[in-house]
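K.L.:
Please read through the structure below; I'll follow up with questions.
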Amino acid sequence: MTLTPENTASQVLQQRQTLHLCTAGSVDDGKSTFVGRLLHDTKSVLADQLSAVERTSREKGLEHIDLSLLVDGLRAEREQGITIDVAYRYFSTAQRTFILADTPGHVQYTRNTVTGVSTSDVVVLLVDARHGVVTQTRRHLSVAGLLGIKHVILAVNKIDLVDFSQEIFENIRDEFTALAHERGVDDVNVIPISALLGDNVVEPSENTPWYDGPTVLHLLETIETANDTSTEFRFPIQYVIRDHGKDYRGYAGRVTAGSVGVGDTVATGNGLSSTVTRIETTDGAVDSAGVDDSVVLLLADDVDLSRGDLLSSAQRPEDQREFTATLVGLSEKPLKPGAKVNVRYGTSLVRARIRSVESVFDIDSSTSAPAEEVALNDIATVNIQLAQPLPVEQYSGRGRVGSFLVIDAQDGNTLAAGLVGRAA
């Protein structure tokens with residue numbers, strides 16, 4: 001194939017790794033300004049959007065551009081100066097493409113923070129240099145540890161408001177690092193920044209000569225996360241494609257973990273297996289597929305499979321009718337023992353019952369206490385019975401495997417997000 005500027009650029013984009021990250025922090029730690037700074041300094045803001053923000057900043061009589069306006073898009077957010085819901089931002093550099101989940105800081109929106117953290121490779125926590133590590137910092141760090149996040153960056157923001165003090169920064173760094181290790185997070189990086197002025201966010205700062213570490217962006221571009229996810233192949237079937245005239249049977253879905261190639265043997269359930277003879281995409285046939293690839297798999301044998309079934313590597317999880325799980329309450333309707341619900345696991349939807357609620361996890365103290373229900377924002381350990389067996393397995397970071405939803409059987413509303421296993 002002759003290389004042209006167009007197809008060379010396309011190849012670069014395909015090879016560029018995508019990093020999922022999440023921002024979290026207490027109220028007024030400058031999180032929205034930080035995200036706005038990342039977007040602005042990576043030139044990920046449209047010209048007309050930037051002009052509107054500059055105009056609004058001038059009307060407010062501000063000395064600097066209010067970059068938080070780039071991300072606080074809801075009217076209620078702008079009026080209150082807070083972030084309410086999880087919002088996803090997309091930007092890229094020559095090294096990586098980024099999907100950023102911007103989460104709220106208020107205690108009552110803990111469920112939103114859990115949602116954002118659960119899909120992330122890296123969590124960026126912000127603290128105000130004037131206040132240091134606060135209760136919300138501990139909460140968000142506990143959530144990160146609970147969900148199996150291995151990489152946490154602490155951005156000590158507003159370092160300019162403490163005269164770029166090395167002593168203050170180091171005290172916060174030491175306290176946070178010790179706390180992170182207690183919560184099971186070993187890869188910790190602490191960076192002094194000023195989101196308002198741009199120090200150490202994208203460009204290195206001349207105001208912190210005592211800091212010789214990377215900027216936030218450089219760390220995000222280079223941090224290694226490739227080994228964080230399961231290597232065992234998992235492929236929940238979403239749809240079976242049939243063409244009787246051509247004797248065609250394909251299994252459509254998305255690879256949620258591991259990889260698969262033509263010629264590989266895959267387990268189909270009930271102790272049976274088959275060989276992958278072809279892998280199809282919207283762009284044609286390919287030799288292999290990896291995590292997040294949406295493909296159609298053709299097998300050598302006629303196997304009785306349907307939506308909700310699982311194709312996997314030989315180390316297939318065992319079917320279970322009952323399991324222990326950690327639930328995060330997402331609804332004002334509490335979950336109590338005996339509640340009849342539906343469980344959405346992968347592409348499967350089965351009837352289930354909350355057999356018992358063992359305890360609720362206090363993320364402030366990292367302790368658990370007996371409980372009788374799972375309320376909004378609670379993180380609880382429960383036992384679930386299924387009406388039919390499912391190949392559930394222990395949760396792994398970013399929800400590649402072991403994550404599910406608990407749904408109200410009557411109205412279809414989501415009641416809780418679940419992690420298979422006793423995480424709390």
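How things are named: the first chain in the structure tokens is A, the next is B, and so on; residues count from 1 in each chain; ligands count from 1 in the order shown.
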How close does segment 294-386 of chain A get to segment 252-266 of chain A? List, as CSV, each residue of segment 294-386 of chain A within 6 Å, its nearest atom pair and the distance in Å to one decimal, counting only C-alpha atoms.
P.N.:
```
residue,atom,partner,partner_atom,distance
A:Ser294,CA,A:Arg254,CA,4.2
A:Val295,CA,A:Ala252,CA,5.8
A:Val296,CA,A:Ala252,CA,4.2
A:Ser312,CA,A:Val266,CA,5.5
A:Ser313,CA,A:Val266,CA,5.1
```
K.L.:
Name all residues at most 10 Å from Ser348 of chain A (count only C-alpha atoms; drop same-chain ones fewer than 4 positions away) and give them as a VMD selection string.
P.N.:
chain A and resid 236 to 238 306 to 310 342 to 344 390 404
K.L.:
Save the residues we just selected, C-alpha atoms, as a tab-separated table (two decimals), in the first residue's frame?
P.N.:
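Generated file (part18.tsv):
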```
chain	number	residue	atom	x	y	z
A	236	PRO	CA	-20.84	-11.49	25.93
A	237	ILE	CA	-23.06	-12.15	22.91
A	238	GLN	CA	-25.34	-9.24	22.05
A	306	SER	CA	-28.18	-16.68	22.07
A	307	ARG	CA	-28.07	-13.14	23.44
A	308	GLY	CA	-26.66	-13.13	26.96
A	309	ASP	CA	-24.44	-16.18	26.49
A	310	LEU	CA	-20.69	-15.88	26.95
A	342	ASN	CA	-33.53	-7.79	37.65
A	343	VAL	CA	-29.77	-8.15	37.29
A	344	ARG	CA	-28.08	-6.89	34.11
A	390	LEU	CA	-24.83	-16.80	35.23
A	404	PHE	CA	-23.50	-5.42	36.87
```
K.L.:
Calculate how many Å separate atom CA of Leu67 of chain A from atom CA of Ser194 of chain A, rounding to one decimal.
P.N.:
12.4 Å
K.L.:
Would you give me, as JSON lines, each residue of segment 71-188 of chain A having an atom within 9 Å of an atom of segment 38-57 of chain A, along with its shortest atom pair and that distance in Å to one decimal, using only C-alpha atoms and sorting by chain and residue number?
P.N.:
```
{"residue": "A:Arg89", "atom": "CA", "partner": "A:Leu39", "partner_atom": "CA", "distance": 8.5}
{"residue": "A:Tyr90", "atom": "CA", "partner": "A:Ser44", "partner_atom": "CA", "distance": 8.1}
{"residue": "A:Phe91", "atom": "CA", "partner": "A:Ser44", "partner_atom": "CA", "distance": 5.8}
{"residue": "A:Ser92", "atom": "CA", "partner": "A:Thr42", "partner_atom": "CA", "distance": 7.4}
{"residue": "A:Thr93", "atom": "CA", "partner": "A:Thr42", "partner_atom": "CA", "distance": 7.0}
```
K.L.:
Let's see if you can do this: from backbone DSSP, list all strand (DSSP E or B) residues in segment 199-314 of chain A, as a CSV table (one decimal) with all heavy atoms, in the first residue's frame.
P.N.:
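File produced: part-v4.csv:
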```
chain,number,residue,atom,x,y,z
A,199,ASP,N,0.3,26.5,35.9
A,199,ASP,CA,1.6,26.0,36.4
A,199,ASP,C,1.5,24.4,36.6
A,199,ASP,O,0.6,23.9,37.2
A,199,ASP,CB,1.9,26.5,37.8
A,199,ASP,CG,2.2,28.0,37.8
A,199,ASP,OD1,1.2,28.8,37.8
A,199,ASP,OD2,3.4,28.4,37.7
A,203,GLU,N,2.2,22.7,31.0
A,203,GLU,CA,3.6,23.2,30.8
A,203,GLU,C,4.3,23.3,32.2
A,203,GLU,O,3.6,23.6,33.2
A,203,GLU,CB,3.6,24.6,30.2
A,203,GLU,CG,3.0,24.7,28.8
A,203,GLU,CD,3.9,23.9,27.8
A,203,GLU,OE1,5.1,23.7,28.1
A,203,GLU,OE2,3.3,23.5,26.8
A,234,ARG,N,-13.1,-12.5,27.1
A,234,ARG,CA,-14.6,-12.5,27.5
A,234,ARG,C,-15.3,-11.8,26.4
A,234,ARG,O,-15.0,-10.7,26.0
A,234,ARG,CB,-14.8,-11.7,28.8
A,234,ARG,CG,-14.1,-12.3,30.0
A,234,ARG,CD,-14.7,-13.7,30.4
A,234,ARG,NE,-14.1,-14.2,31.6
A,234,ARG,CZ,-13.2,-15.2,31.6
A,234,ARG,NH1,-12.7,-15.6,30.5
A,234,ARG,NH2,-12.7,-15.6,32.8
A,235,PHE,N,-16.4,-12.4,25.9
A,235,PHE,CA,-17.2,-11.9,24.8
A,235,PHE,C,-18.7,-12.2,25.1
A,235,PHE,O,-19.2,-13.2,24.6
A,235,PHE,CB,-16.7,-12.5,23.5
A,235,PHE,CG,-17.4,-11.9,22.3
A,235,PHE,CD1,-16.9,-10.8,21.7
A,235,PHE,CD2,-18.4,-12.6,21.6
A,235,PHE,CE1,-17.5,-10.3,20.5
A,235,PHE,CE2,-19.0,-12.1,20.5
A,235,PHE,CZ,-18.5,-10.9,19.9
A,236,PRO,N,-19.4,-11.3,25.8
A,236,PRO,CA,-20.8,-11.5,25.9
A,236,PRO,C,-21.6,-11.3,24.6
A,236,PRO,O,-21.4,-10.3,23.9
A,236,PRO,CB,-21.2,-10.4,26.9
A,236,PRO,CG,-19.9,-9.9,27.5
A,236,PRO,CD,-18.9,-10.1,26.5
A,237,ILE,N,-22.4,-12.2,24.2
A,237,ILE,CA,-23.1,-12.2,22.9
A,237,ILE,C,-24.2,-11.2,23.0
A,237,ILE,O,-25.1,-11.3,23.9
A,237,ILE,CB,-23.6,-13.5,22.5
A,237,ILE,CG1,-22.4,-14.5,22.2
A,237,ILE,CG2,-24.4,-13.4,21.2
A,237,ILE,CD1,-22.8,-15.9,22.0
A,238,GLN,N,-24.3,-10.2,22.1
A,238,GLN,CA,-25.3,-9.2,22.0
A,238,GLN,C,-26.4,-9.6,21.0
A,238,GLN,O,-27.6,-9.4,21.3
A,238,GLN,CB,-24.8,-7.9,21.7
A,238,GLN,CG,-23.9,-7.3,22.7
A,238,GLN,CD,-23.4,-5.9,22.3
A,238,GLN,OE1,-23.4,-5.5,21.2
A,238,GLN,NE2,-22.8,-5.2,23.3
A,239,TYR,N,-26.0,-10.3,20.0
A,239,TYR,CA,-27.0,-10.6,18.9
A,239,TYR,C,-26.5,-11.8,18.1
A,239,TYR,O,-25.3,-11.8,17.8
A,239,TYR,CB,-27.2,-9.4,18.0
A,239,TYR,CG,-28.4,-9.5,17.0
A,239,TYR,CD1,-29.7,-9.6,17.5
A,239,TYR,CD2,-28.1,-9.6,15.7
A,239,TYR,CE1,-30.7,-9.7,16.5
A,239,TYR,CE2,-29.1,-9.7,14.8
A,239,TYR,CZ,-30.4,-9.8,15.2
A,239,TYR,OH,-31.5,-9.9,14.3
A,240,VAL,N,-27.4,-12.7,17.7
A,240,VAL,CA,-27.0,-13.8,16.8
A,240,VAL,C,-27.5,-13.4,15.4
A,240,VAL,O,-28.7,-13.2,15.1
A,240,VAL,CB,-27.6,-15.1,17.2
A,240,VAL,CG1,-27.2,-16.2,16.2
A,240,VAL,CG2,-27.1,-15.4,18.6
A,241,ILE,N,-26.6,-13.3,14.4
A,241,ILE,CA,-26.9,-13.0,13.0
A,241,ILE,C,-27.0,-14.2,12.2
A,241,ILE,O,-26.1,-15.0,12.1
A,241,ILE,CB,-25.8,-12.0,12.4
A,241,ILE,CG1,-25.6,-10.8,13.3
A,241,ILE,CG2,-26.2,-11.7,11.0
A,241,ILE,CD1,-24.5,-9.9,12.9
A,242,ARG,N,-28.2,-14.4,11.6
A,242,ARG,CA,-28.5,-15.6,10.8
A,242,ARG,C,-28.8,-15.3,9.3
A,242,ARG,O,-29.5,-14.3,9.1
A,242,ARG,CB,-29.6,-16.4,11.4
A,242,ARG,CG,-29.4,-17.0,12.8
A,242,ARG,CD,-28.3,-18.0,12.8
A,242,ARG,NE,-28.4,-19.1,11.8
A,242,ARG,CZ,-29.1,-20.2,12.0
A,242,ARG,NH1,-29.7,-20.4,13.1
A,242,ARG,NH2,-29.2,-21.1,11.0
A,243,ASP,N,-28.3,-16.0,8.4
A,243,ASP,CA,-28.7,-16.0,7.0
A,243,ASP,C,-28.8,-17.4,6.5
A,243,ASP,O,-27.8,-18.1,6.2
A,243,ASP,CB,-27.6,-15.3,6.2
A,243,ASP,CG,-28.0,-15.1,4.7
A,243,ASP,OD1,-28.9,-15.8,4.3
A,243,ASP,OD2,-27.5,-14.2,4.1
A,248,TYR,N,-25.3,-19.1,7.2
A,248,TYR,CA,-24.4,-18.1,8.0
A,248,TYR,C,-24.9,-18.0,9.4
A,248,TYR,O,-26.1,-17.7,9.6
A,248,TYR,CB,-24.4,-16.8,7.3
A,248,TYR,CG,-23.6,-15.7,7.9
A,248,TYR,CD1,-22.3,-15.4,7.5
A,248,TYR,CD2,-24.1,-14.9,9.0
A,248,TYR,CE1,-21.5,-14.5,8.1
A,248,TYR,CE2,-23.3,-13.9,9.6
A,248,TYR,CZ,-22.0,-13.7,9.2
A,248,TYR,OH,-21.3,-12.7,9.8
A,249,ARG,N,-24.0,-18.1,10.4
A,249,ARG,CA,-24.3,-17.8,11.8
A,249,ARG,C,-23.2,-17.1,12.4
A,249,ARG,O,-22.1,-17.6,12.5
A,249,ARG,CB,-24.6,-19.1,12.5
A,249,ARG,CG,-25.1,-18.9,14.0
A,249,ARG,CD,-24.9,-20.1,14.8
A,249,ARG,NE,-25.6,-21.3,14.2
A,249,ARG,CZ,-26.8,-21.8,14.7
A,249,ARG,NH1,-27.3,-21.2,15.7
A,249,ARG,NH2,-27.3,-22.8,14.1
A,250,GLY,N,-23.4,-15.8,12.8
A,250,GLY,CA,-22.4,-15.0,13.4
A,250,GLY,C,-22.8,-14.5,14.8
A,250,GLY,O,-24.0,-14.3,15.0
A,251,TYR,N,-21.9,-14.3,15.7
A,251,TYR,CA,-22.2,-13.9,17.0
A,251,TYR,C,-21.6,-12.5,17.2
A,251,TYR,O,-20.4,-12.3,17.2
A,251,TYR,CB,-21.6,-14.9,18.0
A,251,TYR,CG,-22.1,-16.3,17.8
A,251,TYR,CD1,-21.4,-17.2,17.2
A,251,TYR,CD2,-23.4,-16.7,18.3
A,251,TYR,CE1,-21.8,-18.5,16.9
A,251,TYR,CE2,-23.9,-17.9,18.0
A,251,TYR,CZ,-23.1,-18.9,17.4
A,251,TYR,OH,-23.6,-20.1,17.2
A,252,ALA,N,-22.5,-11.5,17.3
A,252,ALA,CA,-22.1,-10.1,17.4
A,252,ALA,C,-22.0,-9.7,18.9
A,252,ALA,O,-22.8,-10.1,19.7
A,252,ALA,CB,-23.1,-9.2,16.7
A,253,GLY,N,-21.0,-8.9,19.2
A,253,GLY,CA,-20.8,-8.4,20.5
A,253,GLY,C,-19.5,-7.5,20.6
A,253,GLY,O,-18.9,-7.2,19.6
A,254,ARG,N,-19.2,-7.2,21.9
A,254,ARG,CA,-18.0,-6.4,22.1
A,254,ARG,C,-17.0,-7.2,23.0
A,254,ARG,O,-17.5,-7.8,24.0
A,254,ARG,CB,-18.3,-5.1,22.7
A,254,ARG,CG,-17.1,-4.2,23.0
A,254,ARG,CD,-17.6,-2.8,23.5
A,254,ARG,NE,-18.4,-2.9,24.7
A,254,ARG,CZ,-17.8,-2.8,25.9
A,254,ARG,NH1,-16.5,-2.7,26.0
A,254,ARG,NH2,-18.5,-2.9,27.0
A,257,ALA,N,-12.8,-8.2,27.6
A,257,ALA,CA,-11.5,-8.5,28.2
A,257,ALA,C,-10.7,-9.4,27.4
A,257,ALA,O,-11.3,-10.2,26.6
A,257,ALA,CB,-11.7,-9.1,29.6
A,260,VAL,N,-8.9,-12.2,21.0
A,260,VAL,CA,-9.2,-13.4,20.3
A,260,VAL,C,-8.7,-13.3,18.9
A,260,VAL,O,-8.7,-12.2,18.3
A,260,VAL,CB,-10.8,-13.6,20.3
A,260,VAL,CG1,-11.5,-12.6,19.5
A,260,VAL,CG2,-11.1,-15.0,19.8
A,261,GLY,N,-8.3,-14.4,18.4
A,261,GLY,CA,-7.8,-14.5,17.0
A,261,GLY,C,-8.4,-15.6,16.2
A,261,GLY,O,-8.9,-16.6,16.8
A,265,THR,N,-9.3,-21.4,20.1
A,265,THR,CA,-10.4,-22.2,20.7
A,265,THR,C,-11.1,-21.4,21.8
A,265,THR,O,-10.4,-20.9,22.7
A,265,THR,CB,-9.8,-23.5,21.3
A,265,THR,OG1,-9.2,-24.3,20.2
A,265,THR,CG2,-10.9,-24.3,21.9
A,266,VAL,N,-12.4,-21.4,21.8
A,266,VAL,CA,-13.1,-20.6,22.8
A,266,VAL,C,-14.1,-21.5,23.4
A,266,VAL,O,-14.7,-22.4,22.8
A,266,VAL,CB,-13.9,-19.4,22.1
A,266,VAL,CG1,-12.9,-18.4,21.6
A,266,VAL,CG2,-14.8,-19.8,21.0
A,267,ALA,N,-14.4,-21.3,24.7
A,267,ALA,CA,-15.4,-22.1,25.5
A,267,ALA,C,-16.7,-21.5,25.2
A,267,ALA,O,-16.9,-20.2,25.2
A,267,ALA,CB,-15.0,-22.0,27.0
A,268,THR,N,-17.7,-22.3,25.0
A,268,THR,CA,-19.1,-21.9,24.7
A,268,THR,C,-20.1,-22.2,25.8
A,268,THR,O,-21.3,-21.9,25.6
A,268,THR,CB,-19.5,-22.5,23.3
A,268,THR,OG1,-19.5,-24.0,23.5
A,268,THR,CG2,-18.6,-22.1,22.2
A,269,GLY,N,-19.6,-22.8,26.8
A,269,GLY,CA,-20.5,-23.2,27.9
A,269,GLY,C,-20.9,-24.6,27.9
A,269,GLY,O,-20.7,-25.3,26.9
A,272,LEU,N,-18.5,-27.3,26.5
A,272,LEU,CA,-18.2,-27.4,25.1
A,272,LEU,C,-17.2,-26.3,24.6
A,272,LEU,O,-17.1,-25.2,25.3
A,272,LEU,CB,-19.5,-27.3,24.3
A,272,LEU,CG,-20.6,-28.3,24.6
A,272,LEU,CD1,-21.8,-28.1,23.8
A,272,LEU,CD2,-20.0,-29.8,24.4
A,273,SER,N,-16.7,-26.5,23.5
A,273,SER,CA,-15.8,-25.4,22.9
A,273,SER,C,-15.9,-25.5,21.4
A,273,SER,O,-16.4,-26.5,20.8
A,273,SER,CB,-14.3,-25.6,23.3
A,273,SER,OG,-13.8,-26.9,22.9
A,274,SER,N,-15.3,-24.5,20.7
A,274,SER,CA,-15.3,-24.4,19.3
A,274,SER,C,-14.1,-23.6,18.8
A,274,SER,O,-13.4,-22.9,19.7
A,274,SER,CB,-16.6,-23.9,18.7
A,274,SER,OG,-16.6,-24.0,17.3
A,275,THR,N,-13.9,-23.5,17.5
A,275,THR,CA,-12.8,-22.7,17.0
A,275,THR,C,-13.3,-21.5,16.2
A,275,THR,O,-14.2,-21.6,15.5
A,275,THR,CB,-11.9,-23.6,16.0
A,275,THR,OG1,-11.4,-24.8,16.7
A,275,THR,CG2,-10.7,-22.8,15.5
A,276,VAL,N,-12.6,-20.4,16.4
A,276,VAL,CA,-13.0,-19.2,15.7
A,276,VAL,C,-12.5,-19.3,14.3
A,276,VAL,O,-11.3,-19.4,14.0
A,276,VAL,CB,-12.4,-17.9,16.4
A,276,VAL,CG1,-12.7,-16.7,15.6
A,276,VAL,CG2,-12.9,-17.8,17.8
A,277,THR,N,-13.4,-19.2,13.3
A,277,THR,CA,-13.0,-19.4,11.9
A,277,THR,C,-12.9,-18.0,11.2
A,277,THR,O,-12.2,-17.9,10.1
A,277,THR,CB,-14.0,-20.3,11.1
A,277,THR,OG1,-15.3,-19.7,11.2
A,277,THR,CG2,-14.0,-21.7,11.7
A,278,ARG,N,-13.6,-17.0,11.7
A,278,ARG,CA,-13.6,-15.7,11.0
A,278,ARG,C,-14.0,-14.6,12.0
A,278,ARG,O,-14.8,-14.9,12.9
A,278,ARG,CB,-14.5,-15.7,9.8
A,278,ARG,CG,-14.6,-14.5,9.0
A,278,ARG,CD,-15.5,-14.7,7.8
A,278,ARG,NE,-15.7,-13.4,7.0
A,278,ARG,CZ,-14.9,-13.1,6.0
A,278,ARG,NH1,-13.9,-13.8,5.7
A,278,ARG,NH2,-15.2,-11.9,5.3
A,279,ILE,N,-13.4,-13.5,11.9
A,279,ILE,CA,-13.7,-12.3,12.7
A,279,ILE,C,-14.1,-11.2,11.8
A,279,ILE,O,-13.2,-10.8,10.9
A,279,ILE,CB,-12.6,-11.9,13.6
A,279,ILE,CG1,-12.2,-13.0,14.5
A,279,ILE,CG2,-12.9,-10.7,14.5
A,279,ILE,CD1,-10.9,-12.7,15.4
A,280,GLU,N,-15.3,-10.6,11.9
A,280,GLU,CA,-15.7,-9.6,10.9
A,280,GLU,C,-16.0,-8.3,11.7
A,280,GLU,O,-16.4,-8.3,12.8
A,280,GLU,CB,-17.0,-10.0,10.2
A,280,GLU,CG,-16.9,-11.3,9.4
A,280,GLU,CD,-18.2,-11.7,8.7
A,280,GLU,OE1,-19.2,-11.2,9.1
A,280,GLU,OE2,-18.1,-12.5,7.8
A,281,THR,N,-15.7,-7.2,11.0
A,281,THR,CA,-15.9,-5.8,11.5
A,281,THR,C,-16.7,-5.1,10.4
A,281,THR,O,-16.9,-5.6,9.3
A,281,THR,CB,-14.6,-5.1,11.9
A,281,THR,OG1,-14.0,-4.7,10.6
A,281,THR,CG2,-13.7,-6.0,12.7
A,284,GLY,N,-14.6,-5.0,7.3
A,284,GLY,CA,-14.1,-6.2,6.7
A,284,GLY,C,-13.6,-7.2,7.7
A,284,GLY,O,-13.6,-6.9,9.0
A,285,ALA,N,-13.1,-8.3,7.2
A,285,ALA,CA,-12.5,-9.3,8.1
A,285,ALA,C,-11.2,-8.9,8.7
A,285,ALA,O,-10.4,-8.2,8.0
A,285,ALA,CB,-12.4,-10.6,7.3
A,286,VAL,N,-10.9,-9.4,9.9
A,286,VAL,CA,-9.6,-9.1,10.5
A,286,VAL,C,-9.1,-10.4,11.2
A,286,VAL,O,-9.8,-11.4,11.3
A,286,VAL,CB,-9.7,-8.0,11.7
A,286,VAL,CG1,-10.1,-6.7,11.1
A,286,VAL,CG2,-10.8,-8.4,12.7
A,288,SER,N,-7.6,-10.6,14.3
A,288,SER,CA,-7.8,-10.6,15.7
A,288,SER,C,-8.6,-9.4,16.2
A,288,SER,O,-8.8,-8.5,15.4
A,288,SER,CB,-6.4,-10.6,16.4
A,288,SER,OG,-5.7,-9.4,16.1
A,289,ALA,N,-9.0,-9.5,17.4
A,289,ALA,CA,-9.8,-8.4,18.0
A,289,ALA,C,-9.4,-8.3,19.5
A,289,ALA,O,-9.1,-9.4,20.2
A,289,ALA,CB,-11.3,-8.7,17.9
A,294,SER,N,-15.8,-4.1,18.7
A,294,SER,CA,-17.1,-4.6,18.4
A,294,SER,C,-17.0,-5.4,17.1
A,294,SER,O,-16.7,-4.9,16.1
A,294,SER,CB,-18.2,-3.5,18.2
A,294,SER,OG,-18.4,-2.8,19.4
A,295,VAL,N,-17.3,-6.7,17.2
A,295,VAL,CA,-17.0,-7.6,16.1
A,295,VAL,C,-18.1,-8.7,16.0
A,295,VAL,O,-19.0,-8.8,16.8
A,295,VAL,CB,-15.6,-8.3,16.2
A,295,VAL,CG1,-14.5,-7.3,16.2
A,295,VAL,CG2,-15.6,-9.2,17.5
A,296,VAL,N,-18.0,-9.5,14.9
A,296,VAL,CA,-18.9,-10.7,14.7
A,296,VAL,C,-17.9,-11.9,14.6
A,296,VAL,O,-17.0,-11.9,13.8
A,296,VAL,CB,-19.7,-10.6,13.5
A,296,VAL,CG1,-20.5,-11.9,13.3
A,296,VAL,CG2,-20.7,-9.4,13.5
A,297,LEU,N,-18.2,-12.9,15.5
A,297,LEU,CA,-17.3,-14.1,15.5
A,297,LEU,C,-18.1,-15.2,14.8
A,297,LEU,O,-19.3,-15.4,15.1
A,297,LEU,CB,-17.0,-14.5,16.9
A,297,LEU,CG,-16.2,-13.4,17.8
A,297,LEU,CD1,-15.9,-14.0,19.1
A,297,LEU,CD2,-14.9,-13.0,17.1
A,298,LEU,N,-17.4,-15.9,13.9
A,298,LEU,CA,-17.9,-17.1,13.3
A,298,LEU,C,-17.2,-18.3,13.9
A,298,LEU,O,-15.9,-18.3,14.0
A,298,LEU,CB,-17.8,-17.1,11.8
A,298,LEU,CG,-18.9,-16.3,11.0
A,298,LEU,CD1,-18.8,-14.8,11.3
A,298,LEU,CD2,-18.8,-16.5,9.5
A,299,LEU,N,-17.9,-19.4,14.2
A,299,LEU,CA,-17.3,-20.6,14.8
A,299,LEU,C,-17.4,-21.8,13.9
A,299,LEU,O,-18.2,-21.8,13.0
A,299,LEU,CB,-18.0,-20.9,16.1
A,299,LEU,CG,-18.1,-19.8,17.2
A,299,LEU,CD1,-18.8,-20.2,18.4
A,299,LEU,CD2,-16.7,-19.3,17.5
A,310,LEU,N,-22.1,-16.4,26.9
A,310,LEU,CA,-20.7,-15.9,26.9
A,310,LEU,C,-19.7,-16.8,26.2
A,310,LEU,O,-19.7,-18.0,26.4
A,310,LEU,CB,-20.2,-15.8,28.4
A,310,LEU,CG,-18.8,-15.3,28.7
A,310,LEU,CD1,-18.7,-13.8,28.4
A,310,LEU,CD2,-18.4,-15.6,30.1
A,311,LEU,N,-18.9,-16.2,25.3
A,311,LEU,CA,-17.8,-16.9,24.7
A,311,LEU,C,-16.6,-16.4,25.5
A,311,LEU,O,-16.4,-15.2,25.8
A,311,LEU,CB,-17.6,-16.5,23.2
A,311,LEU,CG,-18.8,-17.0,22.3
A,311,LEU,CD1,-18.5,-16.4,20.9
A,311,LEU,CD2,-18.9,-18.5,22.3
A,312,SER,N,-15.7,-17.4,25.8
A,312,SER,CA,-14.5,-17.0,26.7
A,312,SER,C,-13.4,-17.9,26.3
A,312,SER,O,-13.4,-18.8,25.5
A,312,SER,CB,-14.9,-17.2,28.1
A,312,SER,OG,-15.0,-18.6,28.4
```
K.L.:
Please measure the separation of atom CA of Val162 of chain A and atom CA of Val123 of chain A, giving the value in Å to one decimal.
P.N.:
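The value is 24.6 Å.
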K.L.:
With distances taken over only C-alpha atoms, which residue among A:Thr110, A:Thr115, A:Gln136, A:Asn189 lies nearest Leu219 of chain A?
P.N.:
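Nearest to Leu219 of chain A: A:Asn189.
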K.L.:
Restricting the calculation to only C-alpha atoms, which member of A:Gln315, A:Gln17, A:Asn200, A:Ser26 is positioned closest to Pro391 of chain A?
P.N.:
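Among A:Gln315, A:Gln17, A:Asn200, A:Ser26, it is A:Gln315 that comes nearest to Pro391 of chain A.
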K.L.:
With only C-alpha atoms as the atoms that count, which of A:Ala371, A:Ala24, A:Val291, A:Val188 lies nearest to Glu232 of chain A?
P.N.:
A:Val291
K.L.:
Quick one: everything within 8 Å of Ile354 of chain A, counting only C-alpha atoms, minus sequence neighbours fewer than 4 positions away in the same chain. Send it as a list in words.
P.N.:
Leu335, Lys336, Pro337, Gly338, Ala339, Lys340, Val341, Val382, Asn383, Ile384 and Gln385 of chain A
K.L.:
Would you mind exporting C-alpha atoms of the selected residues as a PDB file, in the first residue's frame?
P.N.:
```pdb
ATOM      1  CA  LEU A 335     -32.987  -2.048  48.506  1.00  0.00           C
ATOM      2  CA  LYS A 336     -34.076  -4.378  51.304  1.00  0.00           C
ATOM      3  CA  PRO A 337     -33.750  -8.131  51.872  1.00  0.00           C
ATOM      4  CA  GLY A 338     -36.353 -10.010  49.856  1.00  0.00           C
ATOM      5  CA  ALA A 339     -36.581  -7.336  47.148  1.00  0.00           C
ATOM      6  CA  LYS A 340     -37.301  -8.819  43.710  1.00  0.00           C
ATOM      7  CA  VAL A 341     -35.116  -7.205  41.043  1.00  0.00           C
ATOM      8  CA  VAL A 382     -25.151  -8.032  49.906  1.00  0.00           C
ATOM      9  CA  ASN A 383     -26.034 -11.559  48.878  1.00  0.00           C
ATOM     10  CA  ILE A 384     -27.952 -12.033  45.602  1.00  0.00           C
ATOM     11  CA  GLN A 385     -29.904 -15.063  44.380  1.00  0.00           C
TER      12      GLN A 385
END
```
K.L.:
When you look at Asp174 of chain A with a cut-off of 12 Å (counting only C-alpha atoms), what residues show up, excluding the ones that are within fewer than 3 positions of it in the same chain? I need them as a list of chain:residue names.
P.N.:
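Result of the neighbour search: A:Gly132, A:Val133, A:Leu154, A:Glu167, A:Ile168, A:Phe169, A:Glu170, A:Asn171, A:Thr177, A:Ala178, A:Leu179, A:Ala180, A:His181, A:Val188, A:Asn189, A:Val190, A:Ile191.
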K.L.:
Report, in Å to a single decimal, how far apart atom CA of Leu62 of chain A and atom CA of Pro209 of chain A are.
P.N.:
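A separation of 28.3 Å between them.
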